[in-house]
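Reproduced below: entry_38.cif, with mmCIF, C-alpha atoms and all ligand atoms.
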data_query
#
loop_
_atom_site.label_atom_id
_atom_site.label_comp_id
_atom_site.auth_asym_id
_atom_site.auth_seq_id
_atom_site.Cartn_x
_atom_site.Cartn_y
_atom_site.Cartn_z
CA MET A 1 16.68 -19.28 4.72
CA GLU A 2 14.14 -22.13 4.62
CA LYS A 3 10.98 -21.00 2.86
CA PRO A 4 7.56 -22.12 4.15
CA LYS A 5 6.35 -25.44 2.82
CA TYR A 6 2.68 -25.52 1.90
CA SER A 7 0.91 -28.60 3.24
CA LYS A 8 -1.38 -30.74 1.10
CA VAL A 9 -4.42 -29.23 2.83
CA ASP A 10 -3.17 -25.67 2.16
CA ARG A 11 -2.60 -26.44 -1.50
CA ILE A 12 -5.87 -28.28 -2.11
CA ILE A 13 -7.91 -25.46 -0.53
CA HIS A 14 -5.87 -22.76 -2.28
CA TRP A 15 -6.30 -24.24 -5.76
CA ALA A 16 -9.92 -25.28 -5.22
CA ILE A 17 -10.77 -21.68 -4.23
CA ALA A 18 -8.66 -20.21 -7.06
CA ILE A 19 -10.31 -22.40 -9.73
CA SER A 20 -13.81 -21.81 -8.33
CA LEU A 21 -13.29 -18.02 -8.26
CA LEU A 22 -12.06 -18.06 -11.86
CA LEU A 23 -15.07 -20.11 -12.99
CA LEU A 24 -17.36 -17.74 -11.05
CA LEU A 25 -15.68 -14.80 -12.79
CA ILE A 26 -16.36 -16.42 -16.19
CA THR A 27 -20.11 -16.62 -15.39
CA ILE A 28 -20.08 -12.91 -14.40
CA PHE A 29 -18.11 -12.00 -17.53
CA LEU A 30 -20.55 -13.89 -19.78
CA ARG A 31 -23.52 -12.20 -18.11
CA LEU A 32 -21.98 -8.77 -18.58
CA THR A 33 -20.96 -9.37 -22.23
CA TRP A 34 -22.16 -12.03 -24.74
CA MET A 35 -25.07 -13.15 -22.60
CA ASN A 36 -26.16 -9.67 -21.52
CA LYS A 37 -29.97 -9.71 -21.63
CA TYR A 38 -30.21 -6.47 -23.65
CA ASN A 39 -27.70 -7.70 -26.27
CA MET A 40 -29.57 -10.99 -26.58
CA ALA A 41 -32.94 -9.21 -26.77
CA ALA A 42 -31.54 -7.11 -29.64
CA ILE A 43 -30.45 -10.27 -31.50
CA ILE A 44 -33.91 -11.76 -30.98
CA GLN A 45 -35.42 -8.50 -32.26
CA ASP A 46 -33.29 -8.66 -35.43
CA TYR A 47 -34.47 -12.21 -36.08
CA LEU A 48 -38.11 -11.33 -35.45
CA ARG A 49 -37.92 -8.32 -37.79
CA ASP A 50 -36.37 -10.44 -40.57
CA THR A 51 -39.11 -13.04 -40.20
CA ASP A 52 -42.04 -10.61 -39.78
CA GLN A 53 -42.80 -11.59 -36.20
CA VAL A 54 -43.40 -9.36 -33.21
CA LEU A 55 -42.63 -9.64 -29.48
CA SER A 56 -42.66 -6.78 -26.97
CA GLN A 57 -39.36 -5.66 -25.38
CA ASP A 58 -40.45 -7.29 -22.09
CA GLN A 59 -41.06 -10.58 -23.89
CA ARG A 60 -37.70 -10.36 -25.66
CA ILE A 61 -35.93 -9.75 -22.33
CA ALA A 62 -37.84 -12.63 -20.70
CA LEU A 63 -36.75 -14.92 -23.57
CA ALA A 64 -33.13 -13.70 -23.29
CA LYS A 65 -33.13 -14.45 -19.54
CA LYS A 66 -34.47 -17.96 -20.19
CA ILE A 67 -31.66 -18.61 -22.69
CA ARG A 68 -29.10 -17.29 -20.18
CA GLN A 69 -30.47 -19.25 -17.21
CA PRO A 70 -28.62 -22.59 -17.76
CA MET A 71 -25.32 -20.67 -17.90
CA TRP A 72 -26.28 -18.57 -14.84
CA ASP A 73 -27.25 -21.65 -12.80
CA TRP A 74 -23.49 -22.34 -12.73
CA HIS A 75 -22.91 -19.05 -10.87
CA ILE A 76 -25.17 -20.35 -8.13
CA TYR A 77 -23.68 -23.90 -8.07
CA ILE A 78 -20.15 -22.45 -7.89
CA GLY A 79 -21.40 -19.98 -5.25
CA TYR A 80 -22.50 -22.93 -3.05
CA VAL A 81 -19.14 -24.63 -3.63
CA LEU A 82 -17.40 -21.42 -2.51
CA VAL A 83 -19.57 -21.23 0.61
CA GLY A 84 -18.29 -24.73 1.47
CA LEU A 85 -14.67 -24.02 0.57
CA PHE A 86 -14.49 -20.74 2.52
CA SER A 87 -16.22 -22.34 5.52
CA ILE A 88 -13.45 -24.96 5.51
CA ARG A 89 -10.81 -22.26 4.96
CA PHE A 90 -12.01 -20.24 7.97
CA LEU A 91 -12.20 -23.37 10.16
CA LEU A 92 -8.73 -24.60 9.22
CA PRO A 93 -6.78 -22.31 11.60
CA ALA A 94 -8.55 -24.09 14.50
CA PHE A 95 -6.86 -27.31 13.27
CA GLY A 96 -3.44 -25.75 12.83
CA TYR A 97 -3.59 -25.03 9.10
CA MET A 98 -3.63 -21.75 7.12
CA ALA A 99 -3.49 -19.38 10.09
CA LEU A 100 -5.07 -16.01 9.44
CA GLN A 101 -2.36 -13.35 9.55
CA ASN A 102 -2.85 -10.36 11.84
CA PRO A 103 -1.92 -7.04 10.15
CA PHE A 104 -1.72 -5.36 13.58
CA SER A 105 1.19 -7.56 14.78
CA LYS A 106 4.25 -5.62 15.90
CA ASN A 107 7.50 -5.28 13.92
CA LEU A 108 5.99 -6.01 10.51
CA SER A 109 7.56 -4.49 7.42
CA GLN A 110 5.35 -2.18 5.34
CA LYS A 111 5.22 -4.88 2.65
CA VAL A 112 4.01 -7.64 4.98
CA LYS A 113 1.51 -5.27 6.60
CA PHE A 114 0.12 -4.44 3.16
CA GLN A 115 -0.08 -8.14 2.21
CA ARG A 116 -1.98 -8.94 5.41
CA TRP A 117 -4.39 -6.04 4.88
CA VAL A 118 -5.11 -7.19 1.32
CA TYR A 119 -6.05 -10.66 2.60
CA LEU A 120 -8.16 -9.27 5.43
CA VAL A 121 -10.12 -6.89 3.17
CA PHE A 122 -10.52 -9.65 0.56
CA TYR A 123 -11.91 -12.10 3.13
CA ALA A 124 -14.31 -9.45 4.47
CA CYS A 125 -15.56 -8.77 0.91
CA ILE A 126 -15.86 -12.51 0.17
CA ILE A 127 -17.99 -13.02 3.29
CA VAL A 128 -20.28 -10.16 2.19
CA SER A 129 -20.60 -11.70 -1.32
CA LEU A 130 -21.34 -15.18 0.01
CA VAL A 131 -23.90 -14.00 2.57
CA THR A 132 -25.68 -11.62 0.15
CA GLY A 133 -25.62 -14.33 -2.58
CA LEU A 134 -27.23 -16.86 -0.21
CA LEU A 135 -29.82 -14.28 0.89
CA ILE A 136 -30.76 -13.47 -2.74
CA VAL A 137 -31.41 -17.16 -3.45
CA LEU A 138 -32.68 -18.45 -0.10
CA GLY A 139 -33.68 -15.34 1.88
CA PRO A 140 -37.00 -13.51 2.26
CA LYS A 141 -38.40 -11.75 -0.82
CA GLU A 142 -38.19 -8.23 0.62
CA LEU A 143 -34.40 -8.60 1.06
CA LYS A 144 -33.78 -9.66 -2.55
CA LYS A 145 -33.47 -6.14 -4.11
CA PRO A 146 -31.21 -4.57 -1.42
CA MET A 147 -29.01 -7.69 -1.33
CA GLU A 148 -28.66 -7.64 -5.14
CA GLY A 149 -27.56 -3.98 -4.93
CA ILE A 150 -24.66 -4.98 -2.64
CA HIS A 151 -23.91 -8.36 -4.25
CA VAL A 152 -23.36 -7.06 -7.80
CA LEU A 153 -20.53 -4.80 -6.56
CA GLY A 154 -18.50 -7.98 -5.93
CA VAL A 155 -17.04 -7.93 -9.44
CA TYR A 156 -14.89 -4.86 -8.55
CA TYR A 157 -13.03 -6.30 -5.58
CA LEU A 158 -12.78 -9.74 -7.20
CA VAL A 159 -11.00 -8.40 -10.30
CA ALA A 160 -8.88 -6.02 -8.17
CA TYR A 161 -7.86 -8.85 -5.82
CA ILE A 162 -6.93 -11.24 -8.65
CA VAL A 163 -4.76 -8.54 -10.28
CA ILE A 164 -3.03 -7.60 -6.96
CA HIS A 165 -2.56 -11.25 -5.97
CA LEU A 166 -1.05 -12.30 -9.32
CA ALA A 167 1.19 -9.22 -9.44
CA GLY A 168 2.34 -9.89 -5.85
CA VAL A 169 3.07 -13.56 -6.44
CA LEU A 170 4.93 -12.91 -9.71
CA THR A 171 6.99 -10.12 -8.11
CA ALA A 172 7.85 -12.44 -5.18
CA GLU A 173 8.76 -15.28 -7.57
CA PHE A 174 11.24 -13.10 -9.46
CA THR A 175 12.69 -11.31 -6.42
CA ALA A 176 12.91 -12.35 -2.75
CA GLU A 177 10.86 -15.57 -2.78
CA LYS A 178 12.09 -17.58 -5.72
CA GLY A 179 10.15 -20.85 -6.00
CA ILE A 180 6.98 -19.61 -4.25
CA ILE A 181 4.79 -20.69 -7.19
CA SER A 182 6.23 -24.22 -7.40
CA ARG A 183 5.89 -24.54 -3.60
CA MET A 184 2.16 -23.78 -3.92
CA VAL A 185 1.91 -26.41 -6.70
CA SER A 186 4.13 -29.24 -5.41
CA GLY A 187 4.60 -28.24 -1.77
CA SER A 188 8.34 -28.83 -1.98
CA LYS A 189 10.85 -26.47 -0.42
CA ALA A 190 12.62 -24.06 -2.74
CA GLU A 191 16.27 -24.71 -3.38
CA ASP A 192 18.13 -21.56 -2.46
C1 LIG B 1 -17.25 -14.83 -4.03
C2 LIG B 1 -18.53 -14.97 -4.14
C3 LIG B 1 -19.38 -14.25 -5.16
C4 LIG B 1 -19.10 -13.20 -6.00
C5 LIG B 1 -17.81 -12.41 -6.14
C6 LIG B 1 -20.31 -12.94 -6.78
C7 LIG B 1 -20.44 -11.93 -7.71
C8 LIG B 1 -21.61 -11.63 -8.39
C9 LIG B 1 -21.78 -10.53 -9.32
C10 LIG B 1 -20.67 -9.56 -9.74
C11 LIG B 1 -23.05 -10.56 -9.77
C12 LIG B 1 -23.69 -9.58 -10.77
C13 LIG B 1 -23.57 -10.09 -12.16
C14 LIG B 1 -24.18 -9.07 -13.13
O1 LIG B 1 -25.17 -8.44 -12.82
O2 LIG B 1 -23.63 -8.94 -14.20
C15 LIG B 1 -23.73 -11.65 -9.10
C16 LIG B 1 -25.07 -11.96 -9.25
C17 LIG B 1 -25.70 -13.00 -8.58
N1 LIG B 1 -25.13 -13.89 -7.69
FE1 LIG B 1 -23.21 -13.89 -7.08
N2 LIG B 1 -21.27 -13.85 -6.41
C18 LIG B 1 -20.75 -14.66 -5.41
C19 LIG B 1 -21.39 -15.67 -4.74
C20 LIG B 1 -22.72 -16.02 -4.90
C21 LIG B 1 -23.42 -17.00 -4.13
C22 LIG B 1 -22.82 -17.81 -2.96
C23 LIG B 1 -24.69 -17.05 -4.60
C24 LIG B 1 -25.83 -17.93 -4.15
C25 LIG B 1 -25.69 -19.17 -3.82
C26 LIG B 1 -24.81 -16.08 -5.66
C27 LIG B 1 -25.94 -15.80 -6.37
C28 LIG B 1 -26.11 -14.75 -7.26
C29 LIG B 1 -27.37 -14.41 -7.91
C30 LIG B 1 -28.70 -15.12 -7.74
C31 LIG B 1 -27.11 -13.29 -8.73
C32 LIG B 1 -28.11 -12.56 -9.62
C33 LIG B 1 -28.58 -11.31 -8.94
C34 LIG B 1 -29.44 -10.51 -9.92
O3 LIG B 1 -30.26 -11.09 -10.58
O4 LIG B 1 -29.18 -9.29 -10.00
N3 LIG B 1 -23.59 -15.46 -5.82
N4 LIG B 1 -22.82 -12.29 -8.28
#

Would you encode the structure as structure tokens?
Amino acid sequence: MEKPKYSKVDRIIHWAIAISLLLLLITIFLRLTWMNKYNMAAIIQDYLRDTDQVLSQDQRIALAKKIRQPMWDWHIYIGYVLVGLFSIRFLLPAFGYMALQNPFSKNLSQKVKFQRWVYLVFYACIIVSLVTGLLIVLGPKELKKPMEGIHVLGVYYLVAYIVIHLAGVLTAEFTAEKGIISRMVSGSKAED
């Protein structure tokens, strides 16, 4: 059976989104771990104690946030890039590329139905993340707190999606769809 060939447009958008999401995940990971404001405030506190200086906890946190800011700016830059990439991705079906797959179509196997649902739920979550992210940065002040409450939950679906997607692609590569990974890299058809 001839396996689908991914066009240049499909592959460029796929890898641009994949790399951007991984970079975005690194910024989130850094913020939750090494660059966590409380961890950094504690390091500042240790230094101040050793050198007989004093700052309040609020001042230490403010300093920690300032140190973290240049790293965190990248979350926002990558966020804008993702807004652009997903806008293109959602417009592409109108030009005959990357059609969105309907999970309600008839005669689908359970596996294909599941795959289509995963994509649909992922896209819905991505749209929520992008819109809430934009509203935090560009929206009215009174929306900032509620939008942050929703936006920060994004890490859960993002990690879950990456795990499911990689597991699915690897399983396909080693079972029914040999060559799927190289097709997404080079676009060539798999040799059966
Ligand atoms: C797929 C898209 C996105 C995902 C999955 C995502 C995920 C996240 C997560 C998990 C956090 C919380 C980090 C933490 O508290 O440790 C966060 C915070 C933030 N994101 Fe995003 N983000 C996305 C897109 C965007 C976009 C498009 C923007 C704006 C252009 C943006 C701006 C922000 C800002 C300003 C914060 C800090 C909120 C705060 O101070 O609590 N994000 N994001």

At a cut-off of 9 Å and counting only C-alpha atoms and all ligand atoms, what residues surround ligand LIG 1 (chain B)? Please answer as a compact mmCIF listing (two decimals) with C-alpha atoms, in the frame of the given file.
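Below is the file selection-v8.txt, written as the result:
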# COMPACT_ATOMS: atom_id res chain seq x y z
CA SER A 20 -13.81 -21.81 -8.33
CA LEU A 21 -13.29 -18.02 -8.26
CA LEU A 24 -17.36 -17.74 -11.05
CA LEU A 25 -15.68 -14.80 -12.79
CA THR A 27 -20.11 -16.62 -15.39
CA ILE A 28 -20.08 -12.91 -14.40
CA PHE A 29 -18.11 -12.00 -17.53
CA LEU A 30 -20.55 -13.89 -19.78
CA ARG A 31 -23.52 -12.20 -18.11
CA LEU A 32 -21.98 -8.77 -18.58
CA THR A 33 -20.96 -9.37 -22.23
CA ASN A 36 -26.16 -9.67 -21.52
CA TRP A 72 -26.28 -18.57 -14.84
CA ASP A 73 -27.25 -21.65 -12.80
CA HIS A 75 -22.91 -19.05 -10.87
CA ILE A 76 -25.17 -20.35 -8.13
CA TYR A 77 -23.68 -23.90 -8.07
CA ILE A 78 -20.15 -22.45 -7.89
CA GLY A 79 -21.40 -19.98 -5.25
CA TYR A 80 -22.50 -22.93 -3.05
CA VAL A 81 -19.14 -24.63 -3.63
CA LEU A 82 -17.40 -21.42 -2.51
CA VAL A 83 -19.57 -21.23 0.61
CA CYS A 125 -15.56 -8.77 0.91
CA ILE A 126 -15.86 -12.51 0.17
CA ILE A 127 -17.99 -13.02 3.29
CA VAL A 128 -20.28 -10.16 2.19
CA SER A 129 -20.60 -11.70 -1.32
CA LEU A 130 -21.34 -15.18 0.01
CA VAL A 131 -23.90 -14.00 2.57
CA THR A 132 -25.68 -11.62 0.15
CA GLY A 133 -25.62 -14.33 -2.58
CA LEU A 134 -27.23 -16.86 -0.21
CA LEU A 135 -29.82 -14.28 0.89
CA ILE A 136 -30.76 -13.47 -2.74
CA VAL A 137 -31.41 -17.16 -3.45
CA LEU A 138 -32.68 -18.45 -0.10
CA LYS A 144 -33.78 -9.66 -2.55
CA LYS A 145 -33.47 -6.14 -4.11
CA MET A 147 -29.01 -7.69 -1.33
CA GLU A 148 -28.66 -7.64 -5.14
CA GLY A 149 -27.56 -3.98 -4.93
CA HIS A 151 -23.91 -8.36 -4.25
CA VAL A 152 -23.36 -7.06 -7.80
CA LEU A 153 -20.53 -4.80 -6.56
CA GLY A 154 -18.50 -7.98 -5.93
CA VAL A 155 -17.04 -7.93 -9.44
CA TYR A 156 -14.89 -4.86 -8.55
CA TYR A 157 -13.03 -6.30 -5.58
CA LEU A 158 -12.78 -9.74 -7.20
CA VAL A 159 -11.00 -8.40 -10.30

Inset, instruction - Have a look at CA of Asn107 in chain A and CA of Val163 in chain A and let me know their distance in Å, one decimal. - result: 27.3 Å

Inset, instruction - Skip range 57-66 of chain A itself and residues of its chain fewer than 5 positions away, then list as a ChimeraX atom specification all residues within 6 Å of it, counting all atoms listed in the file. - result: /A:37,40-41

Inset, instruction - Quick one: everything within 10 Å of His14 in chain A, counting only C-alpha atoms, minus sequence neighbours fewer than 2 positions away in the same chain. Send it as a PyMOL selection string. - result: chain A and resi 6+8-12+16-19+85+89+98+184-185

Mind writing range 89-102 of chain A to a file for me, with N, CA and C atoms, as a tab-separated table (two decimals), in the first residue's frame?
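Once everything was written out, this is part_35.tsv:
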chain	number	residue	atom	x	y	z
A	89	ARG	N	-1.24	27.01	10.29
A	89	ARG	CA	-1.68	25.60	10.29
A	89	ARG	C	-3.21	25.50	10.12
A	90	PHE	N	-3.95	26.38	10.79
A	90	PHE	CA	-5.41	26.28	10.70
A	90	PHE	C	-5.96	26.87	9.40
A	91	LEU	N	-5.13	27.67	8.70
A	91	LEU	CA	-5.57	28.19	7.39
A	91	LEU	C	-5.23	27.23	6.26
A	92	LEU	N	-4.21	26.38	6.49
A	92	LEU	CA	-3.73	25.51	5.42
A	92	LEU	C	-4.80	24.61	4.78
A	93	PRO	N	-5.73	24.03	5.56
A	93	PRO	CA	-6.73	23.18	4.91
A	93	PRO	C	-7.50	23.92	3.80
A	94	ALA	N	-7.67	25.24	3.95
A	94	ALA	CA	-8.39	26.01	2.92
A	94	ALA	C	-7.59	26.02	1.61
A	95	PHE	N	-6.26	25.74	1.70
A	95	PHE	CA	-5.43	25.72	0.49
A	95	PHE	C	-5.05	24.29	0.07
A	96	GLY	N	-5.74	23.34	0.68
A	96	GLY	CA	-5.52	21.94	0.27
A	96	GLY	C	-4.40	21.22	1.00
A	97	TYR	N	-3.87	21.81	2.06
A	97	TYR	CA	-2.81	21.15	2.83
A	97	TYR	C	-3.32	20.79	4.23
A	98	MET	N	-2.72	19.76	4.83
A	98	MET	CA	-2.95	19.40	6.24
A	98	MET	C	-4.41	19.48	6.65
A	99	ALA	N	-5.25	18.72	5.98
A	99	ALA	CA	-6.69	18.73	6.31
A	99	ALA	C	-6.89	18.31	7.76
A	100	LEU	N	-7.83	18.96	8.42
A	100	LEU	CA	-8.15	18.54	9.79
A	100	LEU	C	-9.02	17.29	9.69
A	101	GLN	N	-8.70	16.29	10.51
A	101	GLN	CA	-9.37	14.99	10.40
A	101	GLN	C	-10.57	14.93	11.34
A	102	ASN	N	-11.73	14.54	10.77
A	102	ASN	CA	-12.96	14.50	11.56
A	102	ASN	C	-13.09	13.16	12.31
